[in-house]
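Peer 1: Supplied structure: model.txt, compact mmCIF, C-alpha atoms.
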```txt
# COMPACT_ATOMS: atom_id res chain seq x y z
CA MET A 1 94.71 -6.71 75.11
CA PRO A 2 95.55 -5.55 71.58
CA GLU A 3 94.36 -2.10 70.64
CA LEU A 4 91.92 -1.74 67.78
CA ASN A 5 93.69 -0.41 64.72
CA THR A 6 91.87 2.77 63.69
CA SER A 7 94.42 4.06 61.23
CA SER A 8 92.11 3.38 58.26
CA LEU A 9 89.16 5.16 59.82
CA PRO A 10 90.03 8.62 58.40
CA ASP A 11 90.28 7.13 54.89
CA LEU A 12 86.94 5.50 55.33
CA ILE A 13 85.26 8.70 56.45
CA PHE A 14 86.96 10.63 53.67
CA SER A 15 85.54 8.34 51.04
CA ILE A 16 82.04 8.80 52.46
CA LEU A 17 82.66 12.54 52.45
CA PHE A 18 83.73 12.50 48.80
CA PHE A 19 80.72 10.41 47.90
CA PHE A 20 78.40 13.01 49.36
CA MET A 21 80.30 15.88 47.79
CA ILE A 22 79.88 14.33 44.37
CA VAL A 23 76.30 13.13 44.71
CA THR A 24 74.75 16.27 46.14
CA SER A 25 74.79 19.53 44.31
CA MET A 26 75.74 22.72 46.07
CA ARG A 27 74.73 25.10 43.35
CA GLU A 28 71.21 26.21 44.07
CA GLU A 29 69.99 29.42 42.57
CA GLU A 30 69.01 32.02 45.07
CA VAL A 31 65.26 32.15 45.36
CA LYS A 32 64.06 35.71 45.51
CA VAL A 33 60.37 35.10 45.75
CA GLU A 34 58.45 33.59 48.60
CA TYR A 35 56.27 30.68 47.80
CA THR A 36 54.37 27.93 49.53
CA LEU A 37 53.71 25.06 47.20
CA PRO A 38 50.21 23.63 46.98
CA LYS A 39 49.58 20.15 48.31
CA GLY A 40 48.50 17.22 46.19
CA THR A 41 48.22 13.46 46.14
CA GLY A 42 49.80 10.85 43.90
CA LEU A 43 52.50 13.20 42.67
CA SER A 44 55.39 12.09 40.52
CA LYS A 45 59.08 12.72 41.05
CA ILE A 46 61.49 14.42 38.70
CA GLU A 47 63.63 11.76 37.08
CA ARG A 48 66.30 13.82 35.35
CA LYS A 49 67.26 16.91 37.24
CA THR A 50 69.59 18.09 34.48
CA ALA A 51 66.64 18.37 32.11
CA VAL A 52 64.59 20.63 34.36
CA VAL A 53 64.12 24.38 34.05
CA ASN A 54 62.75 26.04 37.16
CA ILE A 55 60.44 29.03 37.09
CA HIS A 56 59.50 30.56 40.41
CA ILE A 57 56.34 32.61 40.75
CA GLY A 58 55.39 34.36 43.96
CA SER A 59 55.60 37.60 45.85
CA PRO A 60 59.10 39.10 46.28
CA SER A 61 61.05 38.22 49.43
CA LYS A 62 61.29 40.75 52.25
CA GLN A 63 64.46 42.46 51.08
CA TYR A 64 62.97 43.21 47.67
CA VAL A 65 59.57 44.40 48.80
CA SER A 66 60.74 48.02 49.12
CA GLN A 67 61.81 48.12 45.45
CA LEU A 68 59.22 45.89 43.88
CA GLY A 69 56.18 45.94 46.13
CA MET A 70 54.12 42.92 46.98
CA SER A 71 52.70 42.07 43.59
CA THR A 72 53.36 38.65 42.09
CA ARG A 73 56.65 38.28 40.23
CA VAL A 74 58.24 35.73 37.95
CA GLN A 75 61.80 34.71 38.70
CA LEU A 76 63.97 33.22 35.97
CA ASN A 77 67.32 31.97 37.20
CA ASP A 78 68.64 34.70 39.48
CA ARG A 79 66.59 37.65 38.34
CA PHE A 80 63.08 38.97 38.29
CA ALA A 81 61.61 38.98 34.83
CA ASN A 82 58.69 40.01 32.75
CA VAL A 83 56.24 37.34 31.63
CA LYS A 84 57.21 38.13 28.03
CA GLU A 85 60.78 37.02 28.75
CA VAL A 86 59.74 33.47 29.63
CA ALA A 87 59.73 32.10 26.07
CA PRO A 88 63.22 33.39 25.11
CA PHE A 89 64.53 32.25 28.49
CA VAL A 90 63.24 28.71 28.04
CA VAL A 91 64.57 28.51 24.48
CA ASN A 92 67.96 29.68 25.71
CA GLU A 93 68.02 27.24 28.61
CA ARG A 94 67.16 24.43 26.24
CA SER A 95 70.00 25.31 23.91
CA LEU A 96 72.41 25.09 26.85
CA MET A 97 71.34 21.56 27.70
CA ARG A 98 72.87 18.36 26.48
CA GLN A 99 71.28 16.83 23.40
CA ALA A 100 69.75 13.96 25.34
CA ASP A 101 68.20 16.32 27.86
CA GLN A 102 66.76 18.72 25.31
CA ALA A 103 64.22 16.17 24.10
CA VAL A 104 62.90 15.45 27.57
CA MET A 105 63.15 18.98 28.92
CA LYS A 106 60.63 19.73 31.62
CA VAL A 107 59.63 23.08 33.06
CA ALA A 108 58.89 23.05 36.78
CA LEU A 109 56.55 25.81 37.87
CA LYS A 110 57.23 26.54 41.51
CA THR A 111 54.28 28.69 42.23
CA ASP A 112 52.87 30.09 45.43
CA GLN A 113 49.45 28.69 46.17
CA ASN A 114 47.86 32.12 46.48
CA VAL A 115 48.94 33.38 43.07
CA LYS A 116 46.11 34.24 40.69
CA MET A 117 45.60 32.19 37.57
CA GLY A 118 46.03 35.13 35.20
CA ILE A 119 49.81 35.15 35.43
CA ILE A 120 49.97 31.34 35.24
CA THR A 121 47.90 31.36 32.07
CA ASP A 122 50.25 33.95 30.58
CA VAL A 123 53.31 31.89 31.50
CA LYS A 124 51.72 28.79 30.01
CA MET A 125 51.01 30.62 26.77
CA GLU A 126 54.68 31.65 26.66
CA LEU A 127 55.77 28.07 27.24
CA ARG A 128 53.57 26.90 24.40
CA LYS A 129 55.15 29.53 22.17
CA ALA A 130 58.57 28.17 23.10
CA ARG A 131 57.25 24.64 22.48
CA ALA A 132 58.17 23.65 25.99
CA LEU A 133 55.12 21.48 26.39
CA SER A 134 56.20 19.20 29.19
CA LEU A 135 55.29 20.94 32.39
CA MET A 136 55.26 20.13 36.06
CA TYR A 137 53.32 21.97 38.74
CA SER A 138 55.62 21.56 41.70
CA ALA A 139 53.77 20.53 44.84
CA ASP A 140 54.23 18.70 48.11
CA GLU A 141 52.63 15.42 49.00
CA ARG A 142 49.64 16.15 51.22
CA ASN A 143 50.22 13.72 54.09
CA LYS A 144 53.80 14.86 54.60
CA GLN A 145 52.94 17.78 56.82
CA MET B 146 124.50 10.72 64.01
CA GLY B 147 125.60 8.12 66.41
CA LYS B 148 124.64 4.57 66.53
CA GLY B 149 121.58 2.66 65.36
CA GLN B 150 118.67 4.10 63.46
CA ARG B 151 116.88 7.14 64.62
CA LYS B 152 113.17 6.64 65.01
CA VAL B 153 111.11 9.24 63.12
CA PRO B 154 108.15 10.09 65.28
CA GLY B 155 104.89 9.47 63.37
CA ILE B 156 102.38 12.25 63.03
CA ASN B 157 99.56 11.73 65.38
CA ALA B 158 96.65 11.13 63.01
CA SER B 159 94.08 10.14 65.54
CA SER B 160 92.18 13.42 65.13
CA THR B 161 91.88 13.19 61.31
CA ALA B 162 88.85 10.98 61.74
CA ASP B 163 87.17 13.61 63.87
CA ILE B 164 88.01 16.36 61.41
CA SER B 165 86.61 14.45 58.47
CA PHE B 166 83.55 13.53 60.51
CA ILE B 167 82.87 17.21 61.04
CA LEU B 168 83.30 17.86 57.31
CA LEU B 169 80.97 15.00 56.50
CA ILE B 170 78.30 16.25 58.86
CA PHE B 171 78.67 19.77 57.45
CA PHE B 172 77.99 18.52 53.94
CA LEU B 173 75.11 16.38 55.08
CA VAL B 174 73.46 19.39 56.66
CA VAL B 175 74.19 21.97 53.97
CA THR B 176 73.29 20.06 50.85
CA SER B 177 69.74 19.03 50.31
CA MET B 178 68.87 15.88 48.45
CA ASN B 179 65.94 17.91 47.22
CA SER B 180 63.59 15.41 45.72
CA SER B 181 61.08 17.67 44.09
CA THR B 182 57.66 16.32 43.35
CA GLY B 183 54.81 17.68 41.33
CA LEU B 184 51.99 17.12 38.91
CA ASN B 185 53.05 16.37 35.34
CA VAL B 186 50.97 17.95 32.65
CA ARG B 187 51.32 18.20 28.92
CA LEU B 188 50.47 21.50 27.27
CA PRO B 189 48.79 21.48 23.86
CA GLU B 190 50.67 22.57 20.75
CA PRO B 191 50.55 26.29 20.05
CA PRO B 192 47.19 27.04 18.40
CA GLU B 193 47.06 27.32 14.62
CA ASP B 194 44.94 30.05 13.15
CA GLU B 195 42.66 27.54 11.48
CA ASP B 196 41.91 25.85 14.77
CA LEU B 197 40.84 29.09 16.32
CA GLN B 198 38.48 29.92 13.47
CA ASN B 199 36.94 26.45 13.30
CA PRO B 200 36.85 25.06 16.78
CA PRO B 201 36.05 21.35 16.67
CA LYS B 202 32.38 20.56 17.32
CA ILE B 203 31.89 18.57 20.48
CA LYS B 204 28.63 16.85 21.31
CA LYS B 205 27.16 17.94 24.60
CA ARG B 206 27.18 14.47 26.09
CA ASN B 207 30.89 14.19 25.36
CA SER B 208 31.94 17.29 27.19
CA LEU B 209 32.44 17.95 30.86
CA ILE B 210 33.07 21.58 31.57
CA VAL B 211 34.78 22.31 34.87
CA LEU B 212 34.76 26.02 35.54
CA VAL B 213 36.64 27.38 38.52
CA ASN B 214 35.36 30.87 39.02
CA LEU B 215 36.62 34.01 40.70
CA ASP B 216 35.40 32.84 44.11
CA ASN B 217 37.21 29.51 43.69
CA LYS B 218 33.88 27.70 43.37
CA ILE B 219 33.79 24.73 41.02
CA MET B 220 30.91 24.69 38.57
CA ILE B 221 30.14 21.63 36.46
CA THR B 222 28.31 21.74 33.14
CA GLN B 223 27.68 18.36 31.59
CA GLY B 224 25.21 17.22 28.97
CA GLU B 225 21.85 18.96 29.07
CA ARG B 226 21.88 19.53 32.79
CA PRO B 227 22.15 23.07 34.11
CA ALA B 228 25.43 24.04 35.74
CA TYR B 229 25.81 23.04 39.35
CA GLU B 230 28.39 23.48 42.05
CA ILE B 231 30.56 20.65 43.34
CA SER B 232 33.26 20.28 45.98
CA VAL B 233 36.84 19.26 45.19
CA SER B 234 36.42 15.99 47.05
CA ASP B 235 33.52 14.86 44.82
CA LEU B 236 35.25 15.80 41.59
CA ARG B 237 37.36 12.69 41.17
CA GLN B 238 34.41 10.31 41.39
CA LEU B 239 32.39 12.40 38.95
CA ALA B 240 35.28 12.54 36.50
CA LYS B 241 35.81 8.80 36.73
CA GLU B 242 32.15 8.07 36.02
CA PHE B 243 32.19 10.52 33.16
CA ILE B 244 35.37 9.23 31.54
CA SER B 245 34.61 5.53 31.79
CA ASN B 246 30.80 5.64 31.37
CA ASP B 247 30.65 2.12 32.76
CA GLU B 248 26.87 2.06 32.86
CA ASN B 249 26.62 3.19 29.25
CA ARG B 250 24.42 6.13 30.18
CA ALA B 251 22.94 8.16 27.39
CA ASP B 252 24.04 11.45 28.91
CA TYR B 253 27.67 10.39 29.33
CA PRO B 254 30.25 10.08 26.52
CA GLU B 255 29.43 7.72 23.70
CA LYS B 256 31.47 4.56 23.39
CA HIS B 257 33.09 3.56 20.14
CA ALA B 258 34.59 0.27 19.15
CA GLU B 259 38.17 1.19 18.42
CA ASP B 260 41.47 -0.58 18.02
CA VAL B 261 43.71 -0.16 21.00
CA VAL B 262 47.07 -0.99 19.48
CA PHE B 263 50.57 0.06 20.34
CA GLU B 264 53.13 -0.41 17.60
CA ASP B 265 56.67 -0.88 18.70
CA GLY B 266 59.24 -1.45 15.99
CA GLY B 267 56.96 -3.48 13.74
CA THR B 268 55.37 -5.59 16.47
CA GLU B 269 51.84 -4.78 17.48
CA HIS B 270 50.78 -5.00 21.08
CA THR B 271 47.19 -5.23 22.25
CA LEU B 272 45.42 -5.67 25.57
CA PRO B 273 44.87 -9.30 26.66
CA SER B 274 41.11 -8.95 26.20
CA GLY B 275 41.45 -8.20 22.53
CA ARG B 276 42.31 -5.67 19.92
CA GLN B 277 38.98 -3.92 19.65
CA GLN B 278 37.75 -2.11 22.70
CA ASN B 279 34.70 0.00 23.51
CA ILE B 280 36.16 3.27 24.63
CA THR B 281 34.98 6.82 25.19
CA SER B 282 37.60 8.26 22.91
CA LYS B 283 35.61 11.37 22.03
CA HIS B 284 35.17 12.74 25.52
CA VAL B 285 36.70 16.04 26.50
CA ILE B 286 37.14 17.55 29.92
CA SER B 287 37.37 21.26 29.57
CA LEU B 288 39.02 23.02 32.48
CA GLN B 289 38.27 26.71 32.53
CA THR B 290 39.53 29.28 34.95
CA ASP B 291 39.13 32.96 35.52
CA ARG B 292 42.18 35.19 35.69
CA GLY B 293 41.33 35.76 39.33
CA THR B 294 41.05 32.11 40.33
CA SER B 295 43.63 31.13 42.91
CA TYR B 296 46.37 28.75 41.80
CA ASN B 297 45.73 26.52 44.80
CA THR B 298 42.17 25.69 43.75
CA TYR B 299 43.23 25.25 40.15
CA PHE B 300 45.97 22.89 41.24
CA GLU B 301 43.66 20.83 43.43
CA VAL B 302 41.13 20.55 40.61
CA SER B 303 43.81 19.49 38.09
CA ASN B 304 45.20 17.05 40.61
CA GLU B 305 41.77 15.42 41.00
CA LEU B 306 41.18 15.25 37.25
CA TYR B 307 44.55 13.66 36.52
CA ALA B 308 44.06 11.34 39.49
CA ALA B 309 40.76 10.19 37.98
CA TYR B 310 42.63 9.01 34.88
CA ASP B 311 45.31 7.37 37.02
CA GLU B 312 42.73 5.45 39.02
CA LEU B 313 40.87 4.28 35.93
CA ARG B 314 44.10 3.06 34.38
CA ASP B 315 44.93 1.26 37.58
CA GLU B 316 41.54 -0.44 37.59
CA LEU B 317 42.02 -1.43 33.96
CA ALA B 318 45.49 -2.79 34.70
CA ARG B 319 44.13 -4.94 37.53
CA LYS B 320 41.35 -6.25 35.32
CA GLU B 321 43.53 -6.98 32.29
CA TYR B 322 46.81 -8.03 33.85
CA GLY B 323 45.91 -8.70 37.48
CA LYS B 324 48.55 -6.21 38.56
CA PRO B 325 48.49 -2.56 39.60
CA TYR B 326 49.38 -0.03 36.92
CA ASN B 327 52.78 0.87 38.30
CA LYS B 328 53.86 -2.80 38.24
CA LEU B 329 53.25 -3.10 34.48
CA ASP B 330 55.98 -2.84 31.88
CA GLU B 331 56.18 0.14 29.57
CA VAL B 332 54.20 -1.38 26.72
CA GLN B 333 51.39 -2.44 29.02
CA GLN B 334 51.27 1.00 30.61
CA MET B 335 51.15 2.55 27.18
CA LEU B 336 48.15 0.38 26.27
CA CYS B 337 46.35 1.43 29.44
CA ARG B 338 47.07 5.03 28.57
CA LEU B 339 45.70 4.52 25.07
CA TYR B 340 42.55 3.00 26.51
CA TYR B 341 42.02 6.00 28.78
CA LYS B 342 43.61 8.87 26.94
CA THR B 343 44.05 12.05 28.89
CA MET B 344 41.68 14.52 27.31
CA ILE B 345 41.88 17.58 29.48
CA SER B 346 41.67 20.76 27.49
CA GLU B 347 42.34 24.09 29.04
CA ALA B 348 40.53 26.94 27.43
CA GLU B 349 42.50 29.63 25.70
CA PRO B 350 42.30 32.82 27.74
CA ARG B 351 40.26 34.54 25.06
CA SER B 352 37.39 32.11 25.28
CA ILE B 353 36.94 32.56 28.99
CA GLY B 354 33.43 33.66 29.79
CA GLY B 355 32.14 32.56 26.39
CA GLY B 356 30.04 29.47 25.81
CA MET B 357 31.22 26.29 24.19
```
Would it be possible to restate this file's structure as structure tokens?

Peer 2:
Amino acid sequence: MPELNTSSLPDLIFSILFFFMIVTSMREEEVKVEYTLPKGTGLSKIERKTAVVNIHIGSPSKQYVSQLGMSTRVQLNDRFANVKEVAPFVVNERSLMRQADQAVMKVALKTDQNVKMGIITDVKMELRKARALSLMYSADERNKQ
Amino acid sequence: MGKGQRKVPGINASSTADISFILLIFFLVVTSMNSSTGLNVRLPEPPEDEDLQNPPKIKKRNSLIVLVNLDNKIMITQGERPAYEISVSDLRQLAKEFISNDENRADYPEKHAEDVVFEDGGTEHTLPSGRQQNITSKHVISLQTDRGTSYNTYFEVSNELYAAYDELRDELARKEYGKPYNKLDEVQQMLCRLYYKTMISEAEPRSIGGGM
């Protein structure tokens, strides 16, 4: 009985591997705040990930509680920031984007569900100042969990 | 060396498949195809000084004020009726009735005959049922929050309000085109959006607590 020729199997697997390496992105900013997203229905997906700026709002993670306490914080990229820094941050992020993405830039607010509206209102005012008017309240689909 | 050809022993490659399998599985586990979802909203332009001094006059029947207070209770003020409390689950139906005013009620937004036209590179598109439509273009839903309102309640309320528009557009799409909204092409969707324009205004922080 002739043996099955498996010599091309490694090549096959390698190409799948490369496909996944290219498609998925490893670089995820470290999230320093804890947040549970609210749940909603009929939510839309983000179409162009390269045109999205993430802003995290929540209470600091365990390792930062000793320095910062439990009060709500805004995280821009990898650092904690003041609400007043949101507008310059967004303008800067926009200038780093490709031309095509700049026009459709979207800010995703990843906010803990227990945060008070005061800070959200302030962040929204900052975004309006920066003319970043396309906004997304990140949330999970309700029936998922 | 000697006679004949020497046979070079091939490298045993039978384990390469296993090694690459392990790599593949590692990448599958580590990377997340994070498909993030959320609620899309459009913020208004930054306020001009003039707008703040002369806020536009809105007739009472055209405005639906949704106030989410400190205790996360939802209070509705509409028309001449006194404010009353409502649950999140009833909000969508109320908003739909308010926005569409199907029964042409005197206490709900007035309907105007207006042209619903979408111009695209010189060609004009209209809904199949005609250019002029009776729409409640002057209605405003005002969403007000307190600084102490929880984001969760605010989000649920916004979700319901935006869903009300989505459902009305879907109903319109079925009536006009016999298809659900998400099966329409871009021009048709645009026309449905023009028919039911999203008119959710969120109060500036300064006007919180004040009347309309």

Peer 1: Determine the axis-aligned bounding box of all atoms of segment 107-124 of chain A present in the file, pad each side by 4 Å, and express its centre and edge lengths in Å to one decimal place as JSON.

Peer 2:
```
{"center_x": 52.6, "center_y": 29.1, "center_z": 38.2, "size_x": 22.0, "size_y": 20.1, "size_z": 24.5}
```

Peer 1: Rounded to one decimal place, report the atom CA of Ser61 of chain A-atom CA of Glu85 of chain A distance in Å.

Peer 2: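 Atom CA of Glu85 of chain A lies 20.7 Å from atom CA of Ser61 of chain A.
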
Peer 1: List as a short mmCIF file (atom, residue, chain, number, x, y, z; two decimals) with C-alpha atoms, in the coordinates of the input the protein and nucleic acid residues near segment 118-122 of chain A, meaning an atom at most 8 Å away when only C-alpha atoms are counted, but skip any in the same chain fewer than 4 places from it.

Peer 2:
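In the end it all went to around_13.cif:
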```
data_model
loop_
_atom_site.label_atom_id
_atom_site.label_comp_id
_atom_site.auth_asym_id
_atom_site.auth_seq_id
_atom_site.Cartn_x
_atom_site.Cartn_y
_atom_site.Cartn_z
CA VAL A 83 56.24 37.34 31.63
CA GLU A 126 54.68 31.65 26.66
CA ASP B 291 39.13 32.96 35.52
CA ARG B 292 42.18 35.19 35.69
CA GLY B 293 41.33 35.76 39.33
CA THR B 294 41.05 32.11 40.33
CA TYR B 296 46.37 28.75 41.80
CA PRO B 350 42.30 32.82 27.74
#
```

Peer 1: Which residues of chain B sit at most 8 Å from chain A, using only C-alpha atoms? Give each one's shortest atom pair and distance in Å (one decimal place), in chain and ascending residue order, as JSON lines.

Peer 2:
```
{"residue": "B:Ala158", "atom": "CA", "partner": "A:Ser7", "partner_atom": "CA", "distance": 7.6}
{"residue": "B:Ser159", "atom": "CA", "partner": "A:Ser7", "partner_atom": "CA", "distance": 7.5}
{"residue": "B:Thr161", "atom": "CA", "partner": "A:Pro10", "partner_atom": "CA", "distance": 5.7}
{"residue": "B:Ala162", "atom": "CA", "partner": "A:Pro10", "partner_atom": "CA", "distance": 4.3}
{"residue": "B:Asp163", "atom": "CA", "partner": "A:Pro10", "partner_atom": "CA", "distance": 7.9}
{"residue": "B:Ser165", "atom": "CA", "partner": "A:Phe14", "partner_atom": "CA", "distance": 6.1}
{"residue": "B:Phe166", "atom": "CA", "partner": "A:Ile13", "partner_atom": "CA", "distance": 6.5}
{"residue": "B:Leu168", "atom": "CA", "partner": "A:Leu17", "partner_atom": "CA", "distance": 7.2}
{"residue": "B:Leu169", "atom": "CA", "partner": "A:Leu17", "partner_atom": "CA", "distance": 5.0}
{"residue": "B:Phe172", "atom": "CA", "partner": "A:Met21", "partner_atom": "CA", "distance": 7.1}
{"residue": "B:Leu173", "atom": "CA", "partner": "A:Phe20", "partner_atom": "CA", "distance": 7.4}
{"residue": "B:Thr176", "atom": "CA", "partner": "A:Met26", "partner_atom": "CA", "distance": 6.0}
{"residue": "B:Ser177", "atom": "CA", "partner": "A:Thr24", "partner_atom": "CA", "distance": 7.1}
{"residue": "B:Met178", "atom": "CA", "partner": "A:Thr24", "partner_atom": "CA", "distance": 6.3}
{"residue": "B:Ser180", "atom": "CA", "partner": "A:Lys45", "partner_atom": "CA", "distance": 7.0}
{"residue": "B:Ser181", "atom": "CA", "partner": "A:Lys45", "partner_atom": "CA", "distance": 6.1}
{"residue": "B:Thr182", "atom": "CA", "partner": "A:Lys45", "partner_atom": "CA", "distance": 4.5}
{"residue": "B:Gly183", "atom": "CA", "partner": "A:Ser138", "partner_atom": "CA", "distance": 4.0}
{"residue": "B:Leu184", "atom": "CA", "partner": "A:Tyr137", "partner_atom": "CA", "distance": 5.0}
{"residue": "B:Asn185", "atom": "CA", "partner": "A:Met136", "partner_atom": "CA", "distance": 4.4}
{"residue": "B:Val186", "atom": "CA", "partner": "A:Leu135", "partner_atom": "CA", "distance": 5.3}
{"residue": "B:Arg187", "atom": "CA", "partner": "A:Ser134", "partner_atom": "CA", "distance": 5.0}
{"residue": "B:Leu188", "atom": "CA", "partner": "A:Leu133", "partner_atom": "CA", "distance": 4.7}
{"residue": "B:Pro189", "atom": "CA", "partner": "A:Leu133", "partner_atom": "CA", "distance": 6.8}
{"residue": "B:Glu190", "atom": "CA", "partner": "A:Arg128", "partner_atom": "CA", "distance": 6.4}
{"residue": "B:Pro191", "atom": "CA", "partner": "A:Arg128", "partner_atom": "CA", "distance": 5.3}
{"residue": "B:Thr290", "atom": "CA", "partner": "A:Met117", "partner_atom": "CA", "distance": 7.2}
{"residue": "B:Asp291", "atom": "CA", "partner": "A:Met117", "partner_atom": "CA", "distance": 6.8}
{"residue": "B:Arg292", "atom": "CA", "partner": "A:Gly118", "partner_atom": "CA", "distance": 3.9}
{"residue": "B:Gly293", "atom": "CA", "partner": "A:Lys116", "partner_atom": "CA", "distance": 5.2}
{"residue": "B:Thr294", "atom": "CA", "partner": "A:Met117", "partner_atom": "CA", "distance": 5.3}
{"residue": "B:Ser295", "atom": "CA", "partner": "A:Lys116", "partner_atom": "CA", "distance": 4.6}
{"residue": "B:Tyr296", "atom": "CA", "partner": "A:Gln113", "partner_atom": "CA", "distance": 5.3}
{"residue": "B:Asn297", "atom": "CA", "partner": "A:Gln113", "partner_atom": "CA", "distance": 4.5}
{"residue": "B:Tyr299", "atom": "CA", "partner": "A:Met117", "partner_atom": "CA", "distance": 7.8}
{"residue": "B:Phe300", "atom": "CA", "partner": "A:Pro38", "partner_atom": "CA", "distance": 7.2}
{"residue": "B:Glu301", "atom": "CA", "partner": "A:Gly40", "partner_atom": "CA", "distance": 6.6}
{"residue": "B:Asn304", "atom": "CA", "partner": "A:Gly40", "partner_atom": "CA", "distance": 6.5}
{"residue": "B:Ala308", "atom": "CA", "partner": "A:Gly42", "partner_atom": "CA", "distance": 7.3}
{"residue": "B:Pro350", "atom": "CA", "partner": "A:Thr121", "partner_atom": "CA", "distance": 7.2}
```

Peer 1: Please determine the residues with any atom at most 12 Å from (36.9, -4.3, 19.4) (coordinates as given in the file, with all atoms listed in the file counting) and report them as a list of chain:residue names.

Peer 2: B:Lys256, B:His257, B:Ala258, B:Glu259, B:Asp260, B:Val261, B:Val262, B:Thr271, B:Leu272, B:Pro273, B:Ser274, B:Gly275, B:Arg276, B:Gln277, B:Gln278, B:Asn279, B:Ile280, B:Tyr340

Peer 1: What is the atom CA of Gln63 of chain A to atom CA of Gln75 of chain A distance in Å?

Peer 2: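 The value is 14.8 Å.
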
Peer 1: Interatomic distance between atom CA of Lys84 of chain A and atom CA of Ile57 of chain A?

Peer 2: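 It comes out at 13.9 Å.
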
Peer 1: Contacts of Gln333 of chain B at 9 Å or less, counting all atoms listed in the file, minus same-chain residues fewer than 5 places along, as a PDB file with C-alpha atoms, in the frame of the given file?

Peer 2:
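Output below, filename part_20.pdb:
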```
ATOM      1  CA  HIS B 270      50.780  -5.000  21.080  1.00  0.00           C
ATOM      2  CA  THR B 271      47.190  -5.230  22.250  1.00  0.00           C
ATOM      3  CA  LEU B 272      45.420  -5.670  25.570  1.00  0.00           C
ATOM      4  CA  ALA B 318      45.490  -2.790  34.700  1.00  0.00           C
ATOM      5  CA  TYR B 322      46.810  -8.030  33.850  1.00  0.00           C
ATOM      6  CA  TYR B 326      49.380  -0.030  36.920  1.00  0.00           C
ATOM      7  CA  ARG B 338      47.070   5.030  28.570  1.00  0.00           C
TER       8      ARG B 338
END
```

Peer 1: Can you work out which one of A:Ser66, A:Asn54, A:Gln102, A:Thr72 has the shortest atom-to-atom distance to Phe89 of chain A, counting only C-alpha atoms?

Peer 2: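 Using only C-alpha atoms, the shortest distance to Phe89 of chain A belongs to A:Asn54.
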
Peer 1: Between B:Lys342, B:Arg237, B:Lys218, B:Arg206, single out the one closest to Arg250 of chain B, counting all atoms listed in the file.

Peer 2: B:Arg206

Peer 1: At a cut-off of 9 Å from (34.2, 20.7, 42.4) in the coordinates of the file, what residues are picked up using only C-alpha atoms, written as a list in words?

Peer 2: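 So the residues meeting the distance criterion are Val211, Leu212, Val213, Lys218, Ile219, Met220, Ile221, Glu230, Ile231, Ser232, Val233, Ser234, Asp235, Leu236, Arg237 and Val302 of chain B.
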
Peer 1: Kindly indicate which residue among A:Val53, A:Ala87, A:Val31, A:Val123 lies nearest to Asp101 of chain A, using all atoms listed in the file for the distances.

Peer 2: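 Once distances to Asp101 of chain A are computed over all atoms listed in the file, the minimum belongs to A:Val53.
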